[in-house]
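Here's the structure we're looking at; comments come further down.
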Amino acid sequence: MKVLTLGPQGSNSHVAAVEYGRNIGVPEIQFTKSNYSIVETVAKNYKLYIGLVPFETTPGGLVPEIVEAIDTYRPRICGEYVLPVRHCLAWKGRWEDVQSIISHPQALRQCSKYLREYYPTMEQKEEKSTSLAAEMTSKDITLAAICTKLATEIYDLPNIIKDIQDSSENATRFMIISDKDCEKITGKDKTLLRYEVLDEPGTLHSSIGAFSKRGLNLSEQHSIATGERLGKYYQLQEVRTHRLERSMQEALRELQGLVIEGSLHIYGSYPDTQS
C-alpha cells in the first residue's frame with residue numbers, strides 16, 4: 001500500500017503525506033501530476049493506494065478540483081489531516097546576490113505582508129509550485145524561494161528564514177480517500193454527503209432542518225454547480241456526527257423524501273480532528 005499525493009517532492013502535499021504516512025505506518029509515497037488524477041487512480045486501484053488530497057485551505061476555502069473529482073469518482077473518505085502551512089525563505093549563496101524571490105502564486109500571497117515589510121523592492125516571480133521554486137533556487141544564486149522546510153532539505157538550500165507566512169492560522173485540510181470509510185464511531189466524527197433537492201418551495205430549508213431538528217451541527221454547507229445548466233446545484237454538507245449514529249440515520253431517512261432520486265451520496269464518516 002502506498003500513499004498517493006501531489007508532486008513534485010518538497011511540496012506541502014509531500015509534507016502532509018510524510019506525516020500522515022508515518023502515523024499509519026505506510027512510509028512509501030508516490031507522486032502524481034494533478035490532484036484530480038489522485039482521486040481517479042485511487043478509485044480504480046483501491047488495493048494499491050491511499051489518496052491524500054487538499055480539500056480546503058485557510059485563505060481559499062474548498063479546492064474546486066477536488067470537489068469535482070470526488071463527485072465524479074465517488075471514492076470513500078476515511079479520514080482528514082490538517083497541516084499547518086509554514087513557509088520558509090531560502091537561498092543558496094550570499095543574500096547580496098539575490099535578485100528575485102520566486103514561488104507559487106498562493107505562497108507569495110500568503111507571505112505578502114512579510115515581503116512588503118522586509119523586501120519591498122525585491123522582484124517577485126510566480127512559478128508552478130513551491131517545490132519547483134526551491135529546485136530552481138538550488139541552481140541559481142540570484143534566486144530565493146518561498147518553500148517548505150522539507151524542500152530546503154531536499155534541494156540543499158542552507159540559508160533559511162522560517163515562518164514568514166502572514167498568518168499563524170494558515171492551514172490546509174487534506175482528505176484521505178480509500179475504498180471504505182471509518183466505520184467505528186468515536187463520538188467525535190464527521191460525515192460528508194451530497195444531494196440535490198427537489199425543485200419545490202421550501203425543500204432546501206427542509207433539508208437543512210432534517211439535521212438541525214435533531215441537534216446535528218452542519219460544520220460546512222456549500223451549494224455547488226452541477227455543470228448541467230445554469231441554476232442547477234447540489235448541496236455538499238459536512239455534519240458533525242457519524243453516519244451510523246441513530247440521529248443521523250433518522251435525518252437521512254427524512255432527507256430521502258426531499259431530494260432527487262439517486263442524488264444522495266455519502267462520501268464517508270471519519271474522526272473529527274478539529275474539535
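A note on labels: chains of the C-alpha cells are A, B, ... as shown, every chain counts residues from 1, and ligands are counted from 1 in their shown order.
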Wanna dump the region 97-140 of chain A-region 6-27 of chain A contacts at 10 Å for me, each residue with its shortest atom pair and the distance in Å to one decimal, counting only C-alpha atoms, ordered by chain and number, as CSV?
residue,atom,partner,partner_atom,distance
A:Ser129,CA,A:Ser11,CA,7.5
A:Thr130,CA,A:Ser11,CA,6.3
A:Ser131,CA,A:Gly10,CA,5.3
A:Leu132,CA,A:Pro8,CA,7.5
A:Ala134,CA,A:Gly10,CA,8.4
A:Glu135,CA,A:Gly10,CA,9.4
Could you pull the residues within 9 Å of Leu204 (chain A), counting only C-alpha atoms, minus those fewer than 5 positions along the same chain, as a list in words?
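The filter keeps Glu196, Val197, Leu198, Asp199, Gly209, Gln235, Leu258 and Val259 of chain A.
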For Asp71 (chain A): contacts at 12 Å, only C-alpha atoms, fewer than 2 positions along chain excluded, given as a CSV table (one decimal) with C-alpha atoms, in the first residue's frame:
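Listing of out_15.csv after writing:
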chain,number,residue,atom,x,y,z
A,36,TYR,CA,-7.7,15.1,-9.8
A,39,VAL,CA,-8.8,10.6,-6.9
A,40,GLU,CA,-9.1,8.8,-10.3
A,43,ALA,CA,-10.9,4.9,-7.3
A,64,PRO,CA,-12.7,23.1,-6.8
A,65,GLU,CA,-10.6,20.4,-8.5
A,66,ILE,CA,-11.1,18.0,-5.6
A,67,VAL,CA,-14.8,18.8,-5.2
A,68,GLU,CA,-15.2,17.9,-8.9
A,69,ALA,CA,-13.1,14.8,-8.7
A,73,TYR,CA,-15.5,9.1,-9.0
A,74,ARG,CA,-17.3,8.9,-5.6
A,75,PRO,CA,-14.5,7.4,-3.5
A,76,ARG,CA,-14.9,6.8,0.2
A,77,ILE,CA,-13.4,9.3,2.6
A,192,LEU,CA,-19.5,14.3,4.2
A,193,LEU,CA,-22.5,13.9,1.9
A,194,ARG,CA,-24.1,15.4,-1.2
A,195,TYR,CA,-27.6,15.6,-2.6
A,224,ILE,CA,-22.0,23.5,-5.9
A,225,ALA,CA,-22.9,24.0,-9.5
A,226,THR,CA,-23.6,20.6,-11.2
A,227,GLY,CA,-22.4,21.9,-14.6
A,234,TYR,CA,-26.2,20.2,-5.4
A,235,GLN,CA,-25.6,20.6,-1.7
A,236,LEU,CA,-22.3,19.5,-0.2
A,263,SER,CA,-28.7,12.2,-5.9
A,264,LEU,CA,-28.0,11.4,-2.2
A,265,HIS,CA,-24.4,10.1,-1.7
A,266,ILE,CA,-22.4,9.7,1.5
A,267,TYR,CA,-18.7,10.0,0.9
If we count only C-alpha atoms, what is near Lys149 (chain A) at a cut-off of 9 Å, once residues fewer than 4 positions away on the same chain are taken out, given as a PDB file with C-alpha atoms, in the first residue's frame?
ATOM      1  CA  GLY A  10       9.072  19.009  -1.224  1.00  0.00           C
ATOM      2  CA  VAL A  15       4.933  17.157   3.891  1.00  0.00           C
ATOM      3  CA  ARG A  86       4.688  27.093   7.286  1.00  0.00           C
ATOM      4  CA  HIS A  87       6.662  28.957   4.625  1.00  0.00           C
ATOM      5  CA  CYS A  88      10.422  29.456   4.530  1.00  0.00           C
ATOM      6  CA  ALA A  90      15.591  30.053   1.325  1.00  0.00           C
ATOM      7  CA  GLU A 153      16.485  19.836   2.822  1.00  0.00           C
ATOM      8  CA  ILE A 154      15.775  18.044  -0.461  1.00  0.00           C
ATOM      9  CA  ILE A 160      16.723  29.788   5.649  1.00  0.00           C
ATOM     10  CA  LYS A 162      11.490  30.192   8.836  1.00  0.00           C
TER      11      LYS A 162
END
Enumerate the residues of region 121-262 of chain A with a DSSP assignment of alpha helix (DSSP H), computed from the backbone, and present them as a PyMOL selection string.
chain A and resi 130-137+149-154+203-212+246-256
Please produce an output containing C-alpha atoms for each residue in the selection, written as a PDB file, in the first residue's frame.
ATOM      1  CA  THR A 130       6.967  25.932  -4.257  1.00  0.00           C
ATOM      2  CA  SER A 131       8.966  22.765  -4.957  1.00  0.00           C
ATOM      3  CA  LEU A 132       9.925  23.929  -8.437  1.00  0.00           C
ATOM      4  CA  ALA A 133      10.926  27.289  -6.957  1.00  0.00           C
ATOM      5  CA  ALA A 134      13.211  25.523  -4.492  1.00  0.00           C
ATOM      6  CA  GLU A 135      14.755  23.381  -7.233  1.00  0.00           C
ATOM      7  CA  MET A 136      15.391  26.432  -9.433  1.00  0.00           C
ATOM      8  CA  THR A 137      16.913  28.312  -6.499  1.00  0.00           C
ATOM      9  CA  LYS A 149      11.352  23.258   5.227  1.00  0.00           C
ATOM     10  CA  LEU A 150      11.314  19.815   3.597  1.00  0.00           C
ATOM     11  CA  ALA A 151      12.121  21.387   0.216  1.00  0.00           C
ATOM     12  CA  THR A 152      15.139  23.208   1.683  1.00  0.00           C
ATOM     13  CA  GLU A 153      16.485  19.836   2.822  1.00  0.00           C
ATOM     14  CA  ILE A 154      15.775  18.044  -0.461  1.00  0.00           C
ATOM     15  CA  THR A 203     -37.177  21.841   0.116  1.00  0.00           C
ATOM     16  CA  LEU A 204     -33.707  23.327   0.686  1.00  0.00           C
ATOM     17  CA  HIS A 205     -34.818  24.785   4.023  1.00  0.00           C
ATOM     18  CA  SER A 206     -36.416  21.482   5.000  1.00  0.00           C
ATOM     19  CA  SER A 207     -33.320  19.513   4.053  1.00  0.00           C
ATOM     20  CA  ILE A 208     -31.215  21.554   6.439  1.00  0.00           C
ATOM     21  CA  GLY A 209     -33.958  21.251   9.046  1.00  0.00           C
ATOM     22  CA  ALA A 210     -33.709  17.460   8.901  1.00  0.00           C
ATOM     23  CA  PHE A 211     -30.366  17.845  10.667  1.00  0.00           C
ATOM     24  CA  SER A 212     -30.995  20.883  12.880  1.00  0.00           C
ATOM     25  CA  ARG A 246     -29.224   6.952  15.241  1.00  0.00           C
ATOM     26  CA  SER A 247     -29.986  10.659  14.840  1.00  0.00           C
ATOM     27  CA  MET A 248     -28.055  10.767  11.562  1.00  0.00           C
ATOM     28  CA  GLN A 249     -29.879   7.709  10.251  1.00  0.00           C
ATOM     29  CA  GLU A 250     -33.191   9.394  11.027  1.00  0.00           C
ATOM     30  CA  ALA A 251     -32.095  12.592   9.267  1.00  0.00           C
ATOM     31  CA  LEU A 252     -31.049  10.644   6.191  1.00  0.00           C
ATOM     32  CA  ARG A 253     -34.392   8.863   6.022  1.00  0.00           C
ATOM     33  CA  GLU A 254     -36.205  12.207   6.155  1.00  0.00           C
ATOM     34  CA  LEU A 255     -33.846  13.600   3.545  1.00  0.00           C
ATOM     35  CA  GLN A 256     -34.809  10.860   1.081  1.00  0.00           C
TER      36      GLN A 256
END
Nearest to Ala144 (chain A) by atom-to-atom distance, counting only C-alpha atoms, from A:Ser269, A:Gln99, A:Gln237, A:Ser167
A:Gln99
Considering only C-alpha atoms, state which residue in the set A:Asp97, A:Asp181, A:Asp163, A:Glu127 is at the smallest distance from Asp140 (chain A).
A:Asp97
Would you mind reading off the distance between CA of Ile29 (chain A) and CA of Ala145 (chain A), one decimal, in Å?
24.2 Å
